[in-house]
>>> print(open('structure.cif').read())   # mmCIF, C-alpha atoms
data_upload
loop_
_atom_site.label_atom_id
_atom_site.label_comp_id
_atom_site.auth_asym_id
_atom_site.auth_seq_id
_atom_site.Cartn_x
_atom_site.Cartn_y
_atom_site.Cartn_z
CA MET K 183 87.00 -49.31 -0.97
CA SER K 184 83.71 -50.69 -2.25
CA GLU K 185 80.59 -48.55 -2.30
CA ASN K 186 79.10 -50.88 0.29
CA ALA K 187 81.84 -50.07 2.78
CA CYS K 188 81.90 -46.31 2.09
CA PRO K 189 80.71 -44.03 4.91
CA TYR K 190 79.80 -41.30 2.42
CA CYS K 191 77.61 -43.67 0.42
CA GLU K 192 75.79 -44.62 3.62
CA GLN K 193 74.65 -41.00 4.15
CA ASN K 194 74.40 -41.35 7.91
CA SER K 195 77.14 -38.99 9.12
CA GLY K 196 76.69 -35.37 10.15
CA THR K 197 73.69 -33.07 10.24
CA VAL K 198 72.33 -32.34 6.77
CA LEU K 199 72.17 -28.57 6.18
CA TRP K 200 71.25 -28.69 2.51
CA ALA K 201 70.76 -31.47 -0.03
CA GLU K 202 69.74 -32.11 -3.57
CA GLN K 203 70.23 -34.98 -5.98
CA ARG K 204 73.89 -34.39 -6.83
CA CYS K 205 75.37 -33.48 -3.44
CA ARG K 206 74.67 -32.65 0.18
CA VAL K 207 76.11 -30.33 2.82
CA ILE K 208 76.65 -31.79 6.28
CA HIS K 209 77.81 -30.24 9.55
CA ILE K 210 80.17 -32.34 11.66
CA ALA K 211 79.62 -31.71 15.37
CA ASP K 212 82.16 -34.04 16.96
CA THR K 213 85.31 -32.08 16.10
CA PRO K 214 87.31 -29.35 17.87
CA PHE K 215 86.98 -27.31 14.66
CA SER K 216 83.60 -25.75 15.35
CA GLY K 217 81.45 -25.28 12.28
CA LEU K 218 83.35 -27.79 10.11
CA CYS K 219 81.13 -28.74 7.17
CA ARG K 220 81.55 -31.21 4.34
CA VAL K 221 80.11 -31.13 0.85
CA VAL K 222 79.61 -34.74 -0.23
CA TRP K 223 79.04 -35.75 -3.83
CA SER K 224 76.16 -38.24 -3.92
CA SER K 225 77.60 -40.86 -6.25
CA HIS K 226 80.77 -42.83 -5.44
CA VAL K 227 83.18 -40.76 -7.53
CA ARG K 228 86.89 -40.85 -6.68
CA GLU K 229 88.46 -37.68 -8.05
CA PHE K 230 87.32 -34.09 -8.67
CA THR K 231 88.29 -34.49 -12.33
CA ASP K 232 86.17 -37.63 -12.65
CA LEU K 233 83.27 -35.17 -12.80
CA GLY K 234 82.33 -33.38 -16.01
CA ASP K 235 82.64 -29.60 -16.32
CA ALA K 236 79.04 -28.84 -15.35
CA ASP K 237 79.10 -31.08 -12.27
CA ARG K 238 82.45 -29.65 -11.15
CA SER K 239 81.11 -26.12 -11.47
CA HIS K 240 77.99 -27.04 -9.55
CA LEU K 241 79.98 -28.68 -6.76
CA MET K 242 82.26 -25.65 -6.35
CA ARG K 243 79.24 -23.35 -6.33
CA VAL K 244 77.98 -25.35 -3.34
CA VAL K 245 81.44 -25.31 -1.68
CA ALA K 246 81.60 -21.52 -2.13
CA ALA K 247 78.10 -21.10 -0.66
CA VAL K 248 79.14 -23.10 2.41
CA GLU K 249 82.33 -21.05 2.81
CA ARG K 250 80.36 -17.80 2.42
CA GLY K 251 77.74 -18.98 4.91
CA LEU K 252 80.33 -19.98 7.49
CA ARG K 253 82.17 -16.67 7.07
CA ASP K 254 78.92 -14.73 7.55
CA VAL K 255 77.64 -16.75 10.52
CA LEU K 256 80.89 -17.44 12.40
CA VAL K 257 83.34 -14.73 11.22
CA PRO K 258 86.44 -16.98 11.42
CA ASP K 259 90.00 -15.69 11.01
CA LYS K 260 90.56 -17.92 7.95
CA MET K 261 88.81 -20.56 5.89
CA ASN K 262 90.37 -23.86 4.77
CA LEU K 263 89.10 -25.90 1.80
CA ALA K 264 90.28 -29.40 0.96
CA SER K 265 89.31 -32.40 -1.12
CA LEU K 266 91.70 -35.18 -0.11
CA GLY K 267 89.87 -38.52 -0.04
CA THR K 268 93.03 -40.51 0.53
CA ALA K 269 91.47 -42.34 3.47
CA VAL K 270 87.91 -42.33 2.08
CA PRO K 271 88.04 -42.10 -1.73
CA HIS K 272 84.51 -40.76 -2.23
CA LEU K 273 84.57 -37.17 -3.47
CA HIS K 274 83.93 -34.74 -0.60
CA TRP K 275 85.12 -31.26 0.35
CA HIS K 276 86.07 -30.12 3.82
CA VAL K 277 85.05 -26.51 4.53
CA ILE K 278 86.72 -25.55 7.79
CA PRO K 279 86.52 -22.27 9.72
CA ARG K 280 89.78 -21.49 11.54
CA TRP K 281 90.60 -19.15 14.40
CA ALA K 282 94.03 -17.94 15.48
CA ASP K 283 93.51 -19.52 18.91
CA ASP K 284 92.30 -22.92 17.67
CA SER K 285 94.39 -25.98 18.55
CA HIS K 286 96.33 -26.12 15.26
CA TYR K 287 96.53 -22.57 13.86
CA PRO K 288 98.36 -21.67 11.64
CA GLU K 289 99.04 -25.31 10.77
CA PRO K 290 96.49 -27.45 8.88
CA VAL K 291 93.98 -29.31 11.05
CA TRP K 292 95.69 -32.61 10.09
CA ALA K 293 99.09 -31.50 11.44
CA ALA K 294 100.29 -31.73 15.05
CA ALA K 295 98.40 -29.58 17.53
CA GLN K 296 100.13 -26.33 18.47
CA ARG K 297 98.28 -25.80 21.79
CA LYS K 298 95.21 -26.93 23.72
CA GLY K 299 93.20 -24.40 21.76
CA VAL K 300 89.86 -22.69 22.15
CA VAL K 301 86.82 -24.64 20.92
CA ARG K 302 84.21 -22.10 19.94
CA ALA K 303 80.59 -22.53 20.95
CA LEU K 304 78.34 -22.29 17.92
CA PRO K 305 75.25 -20.07 17.94
CA THR K 306 72.28 -22.16 19.12
CA ASP K 307 70.62 -21.52 15.77
CA PHE K 308 73.76 -22.33 13.74
CA ALA K 309 72.08 -25.06 11.66
CA ALA K 310 69.03 -22.90 11.00
CA GLN K 311 71.19 -19.93 9.99
CA MET K 312 73.27 -22.08 7.63
CA LYS K 313 70.18 -23.74 6.15
CA GLY K 314 68.68 -20.33 5.44
CA ARG K 315 71.82 -19.02 3.80
CA LEU K 316 72.37 -22.14 1.69
CA GLU K 317 68.75 -22.13 0.58
CA ALA K 318 69.03 -18.45 -0.36
CA ALA K 319 72.30 -18.99 -2.26
CA LEU K 320 71.51 -22.31 -3.94
CA GLY K 321 67.71 -22.64 -4.01
CA MET X 72 100.76 -10.33 6.35
CA SER X 73 101.41 -7.36 4.09
CA GLU X 74 101.69 -7.79 0.35
CA ASN X 75 105.32 -6.76 0.62
CA ALA X 76 106.14 -9.73 2.86
CA CYS X 77 104.07 -12.26 0.88
CA PRO X 78 106.01 -15.01 -0.92
CA TYR X 79 103.20 -15.49 -3.43
CA CYS X 80 103.22 -11.81 -4.34
CA GLU X 81 106.95 -12.01 -4.97
CA GLN X 82 106.44 -14.63 -7.73
CA ASN X 83 109.84 -16.20 -7.26
CA SER X 84 108.97 -19.67 -5.98
CA GLY X 85 108.60 -22.81 -8.08
CA THR X 86 108.90 -23.47 -11.80
CA VAL X 87 106.17 -21.74 -13.78
CA LEU X 88 104.28 -24.27 -15.93
CA TRP X 89 101.53 -21.94 -17.13
CA ALA X 90 100.64 -18.33 -16.46
CA GLU X 91 98.25 -15.62 -17.48
CA GLN X 92 97.12 -12.37 -15.92
CA ARG X 93 94.85 -13.79 -13.23
CA CYS X 94 96.83 -16.79 -11.98
CA ARG X 95 99.84 -19.01 -12.52
CA VAL X 96 100.67 -22.70 -12.13
CA ILE X 97 103.96 -23.55 -10.46
CA HIS X 98 105.72 -26.86 -9.83
CA ILE X 99 107.46 -27.25 -6.47
CA ALA X 100 110.55 -29.42 -6.78
CA ASP X 101 111.87 -29.41 -3.21
CA THR X 102 109.23 -31.67 -1.66
CA PRO X 103 108.98 -35.45 -1.13
CA PHE X 104 105.59 -35.26 -2.87
CA SER X 105 106.80 -35.51 -6.45
CA GLY X 106 104.79 -33.48 -8.91
CA LEU X 107 103.25 -31.16 -6.32
CA CYS X 108 101.91 -28.08 -8.09
CA ARG X 109 100.31 -24.89 -6.86
CA VAL X 110 97.85 -22.62 -8.58
CA VAL X 111 98.49 -19.11 -7.30
CA TRP X 112 96.02 -16.25 -7.75
CA SER X 113 97.96 -13.21 -8.93
CA SER X 114 96.46 -10.54 -6.68
CA HIS X 115 96.77 -10.67 -2.88
CA VAL X 116 93.30 -12.10 -2.17
CA ARG X 117 92.73 -13.88 1.14
CA GLU X 118 89.76 -16.23 0.66
CA PHE X 119 88.28 -18.24 -2.23
CA THR X 120 84.96 -16.42 -1.68
CA ASP X 121 86.67 -13.03 -1.92
CA LEU X 122 86.66 -13.74 -5.66
CA GLY X 123 83.59 -13.11 -7.79
CA ASP X 124 81.76 -15.98 -9.51
CA ALA X 125 83.61 -15.67 -12.83
CA ASP X 126 87.05 -15.55 -11.22
CA ARG X 127 86.24 -18.52 -8.95
CA SER X 128 85.09 -20.55 -11.95
CA HIS X 129 88.22 -19.63 -13.87
CA LEU X 130 90.49 -20.55 -10.97
CA MET X 131 88.85 -23.96 -10.53
CA ARG X 132 89.08 -24.59 -14.27
CA VAL X 133 92.84 -24.11 -13.91
CA VAL X 134 92.99 -26.31 -10.78
CA ALA X 135 91.09 -29.06 -12.63
CA ALA X 136 93.44 -28.79 -15.63
CA VAL X 137 96.43 -29.22 -13.33
CA GLU X 138 94.84 -32.23 -11.60
CA ARG X 139 93.97 -33.76 -14.98
CA GLY X 140 97.49 -33.14 -16.27
CA LEU X 141 99.13 -34.68 -13.22
CA ARG X 142 96.84 -37.72 -13.41
CA ASP X 143 97.68 -38.21 -17.08
CA VAL X 144 101.43 -37.68 -16.75
CA LEU X 145 102.11 -39.36 -13.39
CA VAL X 146 99.16 -41.78 -12.85
CA PRO X 147 99.08 -41.35 -9.05
CA ASP X 148 96.94 -43.47 -6.73
CA LYS X 149 95.00 -40.42 -5.53
CA MET X 150 94.90 -36.66 -5.93
CA ASN X 151 94.64 -34.14 -3.09
CA LEU X 152 93.38 -30.57 -3.50
CA ALA X 153 93.56 -27.90 -0.82
CA SER X 154 93.31 -24.16 -0.38
CA LEU X 155 94.36 -23.45 3.20
CA GLY X 156 96.36 -20.22 3.37
CA THR X 157 96.46 -20.18 7.15
CA ALA X 158 100.23 -19.69 7.14
CA VAL X 159 100.35 -17.62 3.93
CA PRO X 160 96.98 -15.90 3.41
CA HIS X 161 97.33 -15.32 -0.33
CA LEU X 162 94.87 -17.46 -2.29
CA HIS X 163 96.60 -20.56 -3.69
CA TRP X 164 95.64 -24.17 -4.33
CA HIS X 165 97.81 -27.19 -3.65
CA VAL X 166 97.40 -29.93 -6.28
CA ILE X 167 99.18 -32.99 -4.91
CA PRO X 168 99.63 -36.43 -6.49
CA ARG X 169 99.70 -39.20 -3.89
CA TRP X 170 100.92 -42.79 -4.00
CA ALA X 171 100.13 -45.58 -1.57
CA ASP X 172 103.83 -45.93 -0.73
CA ASP X 173 104.53 -42.23 -0.18
CA SER X 174 105.68 -41.11 3.26
CA HIS X 175 102.23 -40.04 4.55
CA TYR X 176 99.62 -42.14 2.70
CA PRO X 177 96.71 -42.40 3.51
CA GLU X 178 97.13 -39.41 5.83
CA PRO X 179 97.27 -35.83 4.51
CA VAL X 180 100.74 -34.54 3.63
CA TRP X 181 100.57 -32.17 6.63
CA ALA X 182 100.06 -35.01 9.13
CA ALA X 183 102.77 -37.14 10.74
CA ALA X 184 104.74 -39.34 8.36
CA GLN X 185 103.66 -42.98 8.29
CA ARG X 186 106.93 -44.38 6.91
CA LYS X 187 110.11 -43.31 5.13
CA GLY X 188 108.23 -43.52 1.89
CA VAL X 189 109.11 -43.74 -1.78
CA VAL X 190 109.94 -40.45 -3.53
CA ARG X 191 109.10 -40.89 -7.18
CA ALA X 192 111.45 -39.69 -9.90
CA LEU X 193 109.59 -37.47 -12.34
CA PRO X 194 109.89 -38.01 -16.10
CA THR X 195 112.75 -35.86 -17.37
CA ASP X 196 110.28 -34.03 -19.59
CA PHE X 197 107.73 -33.55 -16.76
CA ALA X 198 107.61 -29.74 -17.06
CA ALA X 199 107.35 -29.91 -20.85
CA GLN X 200 104.55 -32.49 -20.67
CA MET X 201 102.62 -30.44 -18.13
CA LYS X 202 103.12 -27.22 -20.09
CA GLY X 203 101.77 -28.90 -23.20
CA ARG X 204 98.72 -30.27 -21.43
CA LEU X 205 97.93 -27.00 -19.66
CA GLU X 206 98.30 -25.05 -22.88
CA ALA X 207 95.98 -27.51 -24.64
CA ALA X 208 93.39 -27.38 -21.85
CA LEU X 209 93.52 -23.67 -21.04
CA GLY X 210 94.94 -21.93 -24.08
#
>>> encode(input="structure.cif", output="structure tokens")
Amino acid sequence: MSENACPYCEQNSGTVLWAEQRCRVIHIADTPFSGLCRVVWSSHVREFTDLGDADRSHLMRVVAAVERGLRDVLVPDKMNLASLGTAVPHLHWHVIPRWADDSHYPEPVWAAAQRKGVVRALPTDFAAQMKGRLEAALG
Amino acid sequence: MSENACPYCEQNSGTVLWAEQRCRVIHIADTPFSGLCRVVWSSHVREFTDLGDADRSHLMRVVAAVERGLRDVLVPDKMNLASLGTAVPHLHWHVIPRWADDSHYPEPVWAAAQRKGVVRALPTDFAAQMKGRLEAALG
């Protein structure tokens, strides 16, 4: 996939909750997995280990801040983290809150659905709460 | 799940490629995804962000060493990383080499199969190669 055709290079998906030069945190609204966020590396890097040590540490600090924020704001039953990029090979992390009554629990969100599932309504100030927490954790 | 019933507390799955007090790296042989490794945190911790900063950094240094080792030894088309733990809530990372002709590519390994897929034979000295690389990277 060329950089020109890459949706994560285009920077037009999701609601930006936090951003700086190296990466950004976006919230994806159009999913049954309420609160699903992605941490997207800014440059078109393919693999986690294509980053140097300092960049990898920075990226995981951001991923951890998103997980911590989602746990604090939404109190899910479990968190899922994944960097796959098989379909879109531009380094990004999925940070996914899970509940025991969601459509796929306890299977991964990419597996077959287990039931219709409850789609949780987010707090009306979800984005503001997450922005505040990410700013506090990451500056 | 109690610690007593936890397969990752029992420490009897997979071939151990590297281990120290805090975590271990195991290779899972009985999977169509050749080379699949897991990094298992030793204590029965549920979430990535239940670890402190130093432990999280250490764990991801090990995950990165496993990804780097698998890339060097097997030269896959893509790497996948995931910490899900929805079925087994004991902190562990999947480190999965992927090839364009594997059964699920470009979908995640937990999704529906796309084809019968090629199962790659590993080098006969795969475990020895990985042990050497992990020892060199991690001590």
>>> resolve_selection(input="structure.cif", expression="the PyMOL selection byres ((chain X) within 10 of (chain K))", output="ChimeraX atom specification")
/X:117-122,124,127-129,131-132,134-139,142,148-160,164-167,169-171,176-183
>>> resolve_selection(input="structure.cif", expression="the PyMOL selection byres ((chain X and resi 109) around 8)", output="PyMOL selection string")
chain X and resi 96-99+107-108+110-111+163-166
>>> atom_distance(input="structure.cif", atom1="atom CA of Cys191 of chain K", atom2="atom CA of Leu320 of chain K")
22.6 Å
>>> resolve_selection(input="structure.cif", expression="the PyMOL selection byres ((chain K and resi 203) around 12)", output="list in words")
Trp200, Ala201, Glu202, Arg204, Cys205, Arg206, Val207, Val222, Trp223, Ser224, Ser225, Asp237, His240 and Leu241 of chain K
>>> atom_distance(input="structure.cif", atom1="atom CA of Ser174 of chain X", atom2="atom CA of Tyr79 of chain X")
26.6 Å
>>> atom_distance(input="structure.cif", atom1="atom CA of Ala199 of chain X", atom2="atom CA of Gln82 of chain X")
20.2 Å
>>> closest_residue(input="structure.cif", among="X:Leu205, X:Cys77, X:Leu88, X:Val189", to="Asp143 of chain X", atoms="only C-alpha atoms")
X:Leu205
>>> calpha_fit_and_write(input="structure.cif", fixed="chain X", moving="chain K", output="mmCIF file with C-alpha atoms, keeping the file's coordinate frame")
data_model
loop_
_atom_site.group_PDB
_atom_site.id
_atom_site.type_symbol
_atom_site.label_atom_id
_atom_site.label_comp_id
_atom_site.auth_asym_id
_atom_site.auth_seq_id
_atom_site.Cartn_x
_atom_site.Cartn_y
_atom_site.Cartn_z
ATOM 1 C CA MET K 183 100.761 -10.345 6.321
ATOM 2 C CA SER K 184 101.403 -7.369 4.064
ATOM 3 C CA GLU K 185 101.677 -7.794 0.314
ATOM 4 C CA ASN K 186 105.312 -6.758 0.587
ATOM 5 C CA ALA K 187 106.115 -9.705 2.830
ATOM 6 C CA CYS K 188 104.066 -12.266 0.865
ATOM 7 C CA PRO K 189 106.018 -15.007 -0.935
ATOM 8 C CA TYR K 190 103.189 -15.483 -3.436
ATOM 9 C CA CYS K 191 103.199 -11.798 -4.349
ATOM 10 C CA GLU K 192 106.943 -12.009 -4.981
ATOM 11 C CA GLN K 193 106.419 -14.627 -7.730
ATOM 12 C CA ASN K 194 109.835 -16.187 -7.262
ATOM 13 C CA SER K 195 108.958 -19.671 -5.982
ATOM 14 C CA GLY K 196 108.608 -22.809 -8.079
ATOM 15 C CA THR K 197 108.895 -23.475 -11.790
ATOM 16 C CA VAL K 198 106.166 -21.739 -13.780
ATOM 17 C CA LEU K 199 104.278 -24.274 -15.924
ATOM 18 C CA TRP K 200 101.545 -21.950 -17.132
ATOM 19 C CA ALA K 201 100.635 -18.324 -16.465
ATOM 20 C CA GLU K 202 98.248 -15.629 -17.475
ATOM 21 C CA GLN K 203 97.125 -12.376 -15.912
ATOM 22 C CA ARG K 204 94.844 -13.796 -13.221
ATOM 23 C CA CYS K 205 96.832 -16.798 -11.978
ATOM 24 C CA ARG K 206 99.840 -19.022 -12.514
ATOM 25 C CA VAL K 207 100.666 -22.709 -12.127
ATOM 26 C CA ILE K 208 103.965 -23.565 -10.460
ATOM 27 C CA HIS K 209 105.723 -26.875 -9.832
ATOM 28 C CA ILE K 210 107.459 -27.245 -6.474
ATOM 29 C CA ALA K 211 110.566 -29.418 -6.768
ATOM 30 C CA ASP K 212 111.883 -29.413 -3.208
ATOM 31 C CA THR K 213 109.253 -31.686 -1.652
ATOM 32 C CA PRO K 214 108.979 -35.458 -1.114
ATOM 33 C CA PHE K 215 105.593 -35.256 -2.866
ATOM 34 C CA SER K 216 106.812 -35.514 -6.441
ATOM 35 C CA GLY K 217 104.810 -33.481 -8.916
ATOM 36 C CA LEU K 218 103.239 -31.167 -6.309
ATOM 37 C CA CYS K 219 101.918 -28.081 -8.099
ATOM 38 C CA ARG K 220 100.311 -24.894 -6.856
ATOM 39 C CA VAL K 221 97.843 -22.617 -8.585
ATOM 40 C CA VAL K 222 98.494 -19.097 -7.307
ATOM 41 C CA TRP K 223 96.034 -16.259 -7.754
ATOM 42 C CA SER K 224 97.962 -13.195 -8.937
ATOM 43 C CA SER K 225 96.465 -10.539 -6.685
ATOM 44 C CA HIS K 226 96.753 -10.653 -2.878
ATOM 45 C CA VAL K 227 93.307 -12.098 -2.170
ATOM 46 C CA ARG K 228 92.711 -13.884 1.139
ATOM 47 C CA GLU K 229 89.760 -16.222 0.667
ATOM 48 C CA PHE K 230 88.273 -18.228 -2.220
ATOM 49 C CA THR K 231 84.967 -16.418 -1.680
ATOM 50 C CA ASP K 232 86.672 -13.028 -1.916
ATOM 51 C CA LEU K 233 86.658 -13.732 -5.656
ATOM 52 C CA GLY K 234 83.591 -13.105 -7.797
ATOM 53 C CA ASP K 235 81.765 -15.971 -9.509
ATOM 54 C CA ALA K 236 83.608 -15.673 -12.825
ATOM 55 C CA ASP K 237 87.059 -15.551 -11.217
ATOM 56 C CA ARG K 238 86.240 -18.507 -8.956
ATOM 57 C CA SER K 239 85.103 -20.544 -11.942
ATOM 58 C CA HIS K 240 88.222 -19.625 -13.863
ATOM 59 C CA LEU K 241 90.493 -20.555 -10.963
ATOM 60 C CA MET K 242 88.848 -23.967 -10.523
ATOM 61 C CA ARG K 243 89.084 -24.589 -14.261
ATOM 62 C CA VAL K 244 92.847 -24.100 -13.908
ATOM 63 C CA VAL K 245 92.979 -26.306 -10.771
ATOM 64 C CA ALA K 246 91.086 -29.051 -12.634
ATOM 65 C CA ALA K 247 93.447 -28.786 -15.623
ATOM 66 C CA VAL K 248 96.441 -29.218 -13.308
ATOM 67 C CA GLU K 249 94.831 -32.221 -11.596
ATOM 68 C CA ARG K 250 93.972 -33.766 -14.982
ATOM 69 C CA GLY K 251 97.492 -33.130 -16.271
ATOM 70 C CA LEU K 252 99.121 -34.674 -13.217
ATOM 71 C CA ARG K 253 96.824 -37.709 -13.404
ATOM 72 C CA ASP K 254 97.672 -38.202 -17.091
ATOM 73 C CA VAL K 255 101.434 -37.679 -16.748
ATOM 74 C CA LEU K 256 102.109 -39.356 -13.386
ATOM 75 C CA VAL K 257 99.175 -41.773 -12.850
ATOM 76 C CA PRO K 258 99.078 -41.333 -9.041
ATOM 77 C CA ASP K 259 96.938 -43.478 -6.734
ATOM 78 C CA LYS K 260 94.993 -40.411 -5.526
ATOM 79 C CA MET K 261 94.895 -36.656 -5.935
ATOM 80 C CA ASN K 262 94.642 -34.143 -3.072
ATOM 81 C CA LEU K 263 93.367 -30.567 -3.503
ATOM 82 C CA ALA K 264 93.567 -27.898 -0.823
ATOM 83 C CA SER K 265 93.306 -24.155 -0.389
ATOM 84 C CA LEU K 266 94.358 -23.450 3.197
ATOM 85 C CA GLY K 267 96.366 -20.217 3.362
ATOM 86 C CA THR K 268 96.461 -20.189 7.138
ATOM 87 C CA ALA K 269 100.226 -19.690 7.142
ATOM 88 C CA VAL K 270 100.340 -17.622 3.930
ATOM 89 C CA PRO K 271 96.972 -15.898 3.414
ATOM 90 C CA HIS K 272 97.320 -15.321 -0.334
ATOM 91 C CA LEU K 273 94.869 -17.469 -2.285
ATOM 92 C CA HIS K 274 96.605 -20.562 -3.689
ATOM 93 C CA TRP K 275 95.643 -24.180 -4.332
ATOM 94 C CA HIS K 276 97.804 -27.197 -3.646
ATOM 95 C CA VAL K 277 97.394 -29.945 -6.264
ATOM 96 C CA ILE K 278 99.183 -32.992 -4.903
ATOM 97 C CA PRO K 279 99.636 -36.426 -6.494
ATOM 98 C CA ARG K 280 99.693 -39.206 -3.883
ATOM 99 C CA TRP K 281 100.923 -42.783 -4.002
ATOM 100 C CA ALA K 282 100.125 -45.580 -1.566
ATOM 101 C CA ASP K 283 103.832 -45.922 -0.742
ATOM 102 C CA ASP K 284 104.524 -42.210 -0.195
ATOM 103 C CA SER K 285 105.683 -41.108 3.262
ATOM 104 C CA HIS K 286 102.238 -40.059 4.542
ATOM 105 C CA TYR K 287 99.615 -42.148 2.709
ATOM 106 C CA PRO K 288 96.720 -42.404 3.506
ATOM 107 C CA GLU K 289 97.130 -39.421 5.829
ATOM 108 C CA PRO K 290 97.276 -35.831 4.507
ATOM 109 C CA VAL K 291 100.746 -34.551 3.617
ATOM 110 C CA TRP K 292 100.574 -32.177 6.629
ATOM 111 C CA ALA K 293 100.054 -35.023 9.127
ATOM 112 C CA ALA K 294 102.768 -37.154 10.745
ATOM 113 C CA ALA K 295 104.737 -39.354 8.371
ATOM 114 C CA GLN K 296 103.658 -42.996 8.303
ATOM 115 C CA ARG K 297 106.946 -44.395 6.904
ATOM 116 C CA LYS K 298 110.136 -43.339 5.133
ATOM 117 C CA GLY K 299 108.235 -43.511 1.872
ATOM 118 C CA VAL K 300 109.127 -43.746 -1.786
ATOM 119 C CA VAL K 301 109.939 -40.453 -3.533
ATOM 120 C CA ARG K 302 109.085 -40.905 -7.179
ATOM 121 C CA ALA K 303 111.426 -39.705 -9.897
ATOM 122 C CA LEU K 304 109.583 -37.476 -12.333
ATOM 123 C CA PRO K 305 109.874 -38.010 -16.089
ATOM 124 C CA THR K 306 112.760 -35.870 -17.384
ATOM 125 C CA ASP K 307 110.277 -34.011 -19.567
ATOM 126 C CA PHE K 308 107.720 -33.551 -16.758
ATOM 127 C CA ALA K 309 107.615 -29.744 -17.065
ATOM 128 C CA ALA K 310 107.338 -29.899 -20.847
ATOM 129 C CA GLN K 311 104.554 -32.493 -20.667
ATOM 130 C CA MET K 312 102.618 -30.428 -18.117
ATOM 131 C CA LYS K 313 103.125 -27.210 -20.088
ATOM 132 C CA GLY K 314 101.762 -28.894 -23.200
ATOM 133 C CA ARG K 315 98.723 -30.264 -21.423
ATOM 134 C CA LEU K 316 97.929 -26.995 -19.642
ATOM 135 C CA GLU K 317 98.302 -25.048 -22.868
ATOM 136 C CA ALA K 318 95.991 -27.504 -24.638
ATOM 137 C CA ALA K 319 93.394 -27.368 -21.839
ATOM 138 C CA LEU K 320 93.530 -23.653 -21.036
ATOM 139 C CA GLY K 321 94.982 -21.908 -24.102
#
>>> closest_residue(input="structure.cif", among="K:His286, K:Leu256, K:Gly251, K:Gln296", to="Arg315 of chain K", atoms="all atoms listed in the file")
K:Gly251
>>> axis_aligned_box(input="structure.cif", around="segment 167-180 of chain X", padding_each_side="8 Å", output="JSON")
{"center_x": 101.2, "center_y": -39.5, "center_z": -0.3, "size_x": 25.0, "size_y": 28.9, "size_z": 28.3}
>>> closest_residue(input="structure.cif", among="K:Val255, K:Ala211, K:Val244, K:Thr197", to="Asp307 of chain K", atoms="all atoms listed in the file")
K:Val255
>>> closest_residue(input="structure.cif", among="K:Asp283, K:Leu273, K:Val301, K:His226", to="Asp212 of chain K", atoms="only C-alpha atoms")
K:Val301
>>> closest_residue(input="structure.cif", among="X:Gly106, X:His161, X:Lys187, X:Asp173", to="Gln200 of chain X", atoms="only C-alpha atoms")
X:Gly106
>>> decode(input="structure.cif", residues="segment 198-216 of chain K", atoms="C-alpha atoms", output="CSV table (one decimal), in the first residue's frame")
chain,number,residue,atom,x,y,z
K,198,VAL,CA,-8.9,13.3,17.5
K,199,LEU,CA,-8.7,13.1,21.3
K,200,TRP,CA,-5.0,13.9,21.6
K,201,ALA,CA,-2.2,14.6,19.1
K,202,GLU,CA,1.4,15.6,18.9
K,203,GLN,CA,4.0,15.3,16.2
K,204,ARG,CA,4.8,11.6,16.5
K,205,CYS,CA,1.3,10.1,17.0
K,206,ARG,CA,-2.4,10.8,17.6
K,207,VAL,CA,-5.2,9.2,19.5
K,208,ILE,CA,-8.5,8.9,17.7
K,209,HIS,CA,-12.0,7.7,18.9
K,210,ILE,CA,-13.9,5.6,16.4
K,211,ALA,CA,-17.7,6.2,16.8
K,212,ASP,CA,-19.1,3.9,14.1
K,213,THR,CA,-18.4,0.5,15.8
K,214,PRO,CA,-20.5,-1.7,18.2
K,215,PHE,CA,-17.4,-1.6,20.5
K,216,SER,CA,-18.2,1.7,22.3
